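Data block below; observations after.
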Amino acid sequence: MEVYGSIDCVYTVYLYSIYGASMDKDILRKASLRAAQFLGLDTAQVAQLKTETQLESEEVELLLVKTYRSLHGIMSGHEAEMRVWMTSENSHLKGIPEQLIMSAGGLNDVACYLERFK
């Protein structure tokens, strides 16, 4: 299941996180960057998020992967619907998810919110 050239890499990391297997840090980094890109963050924003928060780098990466995977599951993989959700105002979250994930607190809130509906 290790497909390094696609978003399946995100799924591999997600499975590792569920079952507690030791994660290859390079796989986690690549998967989180792919997930972040889809969620609307570029590489510089991910780096900024890692440096400006009290979270460990791996925690930020894992939250990005979990956010992507939860949204993917809820929307049955329909990427257009996923993008609409990310860019639309959400009354429960009190903001636009794509903007909220720019902070550690917002990223955690979005990840937890999606986990509840998964």
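Residue numbering restarts at 1 for every chain of the structure tokens, chains are lettered A, B, ... in their displayed order, and ligands are numbered from 1 as they appear.
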- Mind checking which residues fall within 12 Å of Gln48 (chain A), counting only C-alpha atoms, ignoring those fewer than 4 positions away in the same chain, and posting them as a list of chain:residue names?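 Selected residues are A:Leu41, A:Asp42, A:Thr43, A:Ala44, A:Glu52, A:Thr53, A:Gln54, A:Leu55, A:Ser57, A:Val60, A:Ile101, A:Met102, A:Ser103, A:Ala104.
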Task: Per-residue DSSP, chain A, filtered to helix (DSSP H, G or I), as an NGL selection string - done: :A and (8-19 or 25-39 or 43-52 or 57-74 or 79-87 or 97-100 or 104-117)
Inset, instruction - Write out as a PyMOL selection string which residues come within 12 Å of Asn90 (chain A) when counting only C-alpha atoms, dropping same-chain ones fewer than 5 positions away. - result: chain A and resi 84-85+95-100+109-110+113-114
- Message: Which residues are near Met82 (chain A)? Cut-off 8 Å, only C-alpha atoms, ignore same chain within fewer than 4 positions. Put them as a list in words.
- Response: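 Near neighbours after the sequence-gap exclusion: Leu71, His72, Met75, Gly77, His78 and Met86 of chain A.
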Filtering to N, CA and C atoms, could you give me those residues as a CSV table (one decimal), in the first residue's frame?
```csv
chain,number,residue,atom,x,y,z
A,71,LEU,N,-12.0,14.5,6.0
A,71,LEU,CA,-12.8,15.2,5.0
A,71,LEU,C,-13.1,14.3,3.8
A,72,HIS,N,-12.0,13.6,3.4
A,72,HIS,CA,-12.1,12.6,2.2
A,72,HIS,C,-13.2,11.6,2.5
A,75,MET,N,-16.8,13.1,2.5
A,75,MET,CA,-17.3,13.5,1.2
A,75,MET,C,-17.1,12.4,0.1
A,77,GLY,N,-14.6,11.1,-1.1
A,77,GLY,CA,-13.6,11.3,-2.1
A,77,GLY,C,-13.9,12.3,-3.2
A,78,HIS,N,-15.0,13.0,-3.1
A,78,HIS,CA,-15.4,13.9,-4.2
A,78,HIS,C,-14.6,15.2,-3.9
A,86,MET,N,-14.0,23.3,2.2
A,86,MET,CA,-12.8,24.0,2.8
A,86,MET,C,-12.9,25.5,2.6
```
A straight line from CA of Leu33 (chain A) to CA of Glu61 (chain A) spans 7.8 Å
Would you mind reading off the distance between CA of Leu28 (chain A) and CA of Lys94 (chain A), one decimal, in Å?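 Those two atoms sit 29.4 Å apart.
Counting only C-alpha atoms and comparing A:Lys25, A:Arg83, A:Arg116, A:Lys50, the residue that lies closest to Gln37 (chain A) is A:Arg83.
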In Å, with one decimal, what is the gap from CA of Phe117 (chain A) to CA of Ala47 (chain A)?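 Separation of CA of Phe117 (chain A) and CA of Ala47 (chain A): 28.4 Å.
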